[in-house]
Amino acid sequence: MIIQNPDFNIRKIAESGQCFRLKPVPSGGYVLVARGRVLHLTDTPEGAALDCSQAEFDAVWRDYFDLATDYAEIRAQADPGDAFLKRACDYGTGIRMLRQAPWEMLVSFIISQRKNIPAIQYCIEALCSRYGEPIESAGECFFAFPSAQTLAALDESHFLACSLGYRAKYVLAAARMVASGALDLDAIASCSDEALYAALLAVPGVGEKVANCVMLFGYGRLSRAPVDVWIRRVIDETYGGLNPFPGYGPYAGVYQQYMFMLRRDAG
């Protein structure tokens, strides 16, 4: 499958901080493990090439890459008087908001606290390789993200062995909440933003930033704009300490991704 769309840049999506299992491979291109599948992606002169059938693309990847959303139109709605936002929109063109699994996002962003992206990826791959179901692809073995039931049956030492540190107890608590039904991640998908946010904050180890990340990257709530260290610098250095995101409306989370990439890449 070839995707000819200026708003589909594999490298930018992979480096945007929203997905930890989309990685470059030494032979060229990228490999993604998601939804219990493995997808190989390559940039070509014709566009982004996805190594899958039309049927798999329609059933899985069209939705995963949010291809029904017009990101050019989202950028067109940005305030033209907001100079930094305009620069960020231009710089970040090609990023899409992936439709990822809420369970994977919950665990991933609990792990993400006070860690850089390589460290987060290391921890997640350690969990997956030890406790995820194997997936064979092109002669290689990959691992799906482990289920809540699988992780809930472990004890904290297993997570410490995956370098989770103080986050180990929080991942275990989240797994047990989901496995027991105390937290139904599918059911809360129909909640209002406020109710969804409150449900996520009830999970041990989940604060404002993690809850907003799960809402944005796991539930497609594009109005949510998580504030990490880079976005905090944008707010403080560019907007005089006044958070601009509440005024950005239904696409604040998309603008946040553009700003994140611009500010982080600037150093």
# chains A, B, ... in the order shown; residues from 1 in each chain; ligands from 1

call {"tool": "select_by_dssp", "arguments": {"residues": "segment 20-208 of chain A", "states": "strand (DSSP E or B)", "output": "MDAnalysis selection string"}}
result
chainID A and resid 22:24 30:34 37:44 47:50 134:137 140:143

call {"tool": "residues_around", "arguments": {"residues": "segment 242-246 of chain A", "least_positions_apart": "4", "cutoff": "8 Å", "atoms": "only C-alpha atoms", "output": "list of chain:residue names"}}
result
A:Ala225, A:Ile235, A:Asp236, A:Ala252, A:Gln256

call {"tool": "write_last_selection", "arguments": {"atoms": "C-alpha atoms", "output": "PDB file, in the first residue's frame"}}
result
ATOM      1  CA  ALA A 225      -2.893  19.050  25.382  1.00  0.00           C
ATOM      2  CA  ILE A 235       4.440  28.157  27.775  1.00  0.00           C
ATOM      3  CA  ASP A 236       7.035  29.913  29.914  1.00  0.00           C
ATOM      4  CA  ALA A 252      -5.321  21.756  20.909  1.00  0.00           C
ATOM      5  CA  GLN A 256       0.611  20.533  21.083  1.00  0.00           C
TER       6      GLN A 256
END

call {"tool": "select_by_dssp", "arguments": {"residues": "segment 189-250 of chain A", "states": "alpha helix (DSSP H)", "output": "VMD selection string"}}
result
chain A and resid 193 to 201 208 to 218 229 to 238

call {"tool": "atom_distance", "arguments": {"atom1": "atom CA of Tyr91 of chain A", "atom2": "atom CA of Phe217 of chain A"}}
result
20.3 Å

call {"tool": "residues_around", "arguments": {"residues": "Asn116 of chain A", "least_positions_apart": "5", "cutoff": "12 Å", "atoms": "only C-alpha atoms", "output": "list in words"}}
result
Glu15, Gly17, Phe20, Phe109, Ile111, Gln121, Tyr122, Cys123, Asp228, Val229, Trp230 and Arg264 of chain A

call {"tool": "closest_residue", "arguments": {"among": "A:Gly139, A:Thr238, A:Ala179, A:Arg221", "to": "Tyr197 of chain A", "atoms": "only C-alpha atoms"}}
result
A:Arg221

call {"tool": "closest_residue", "arguments": {"among": "A:Leu67, A:Ile110, A:Ile117, A:Ile74", "to": "Leu22 of chain A", "atoms": "only C-alpha atoms"}}
result
A:Ile117
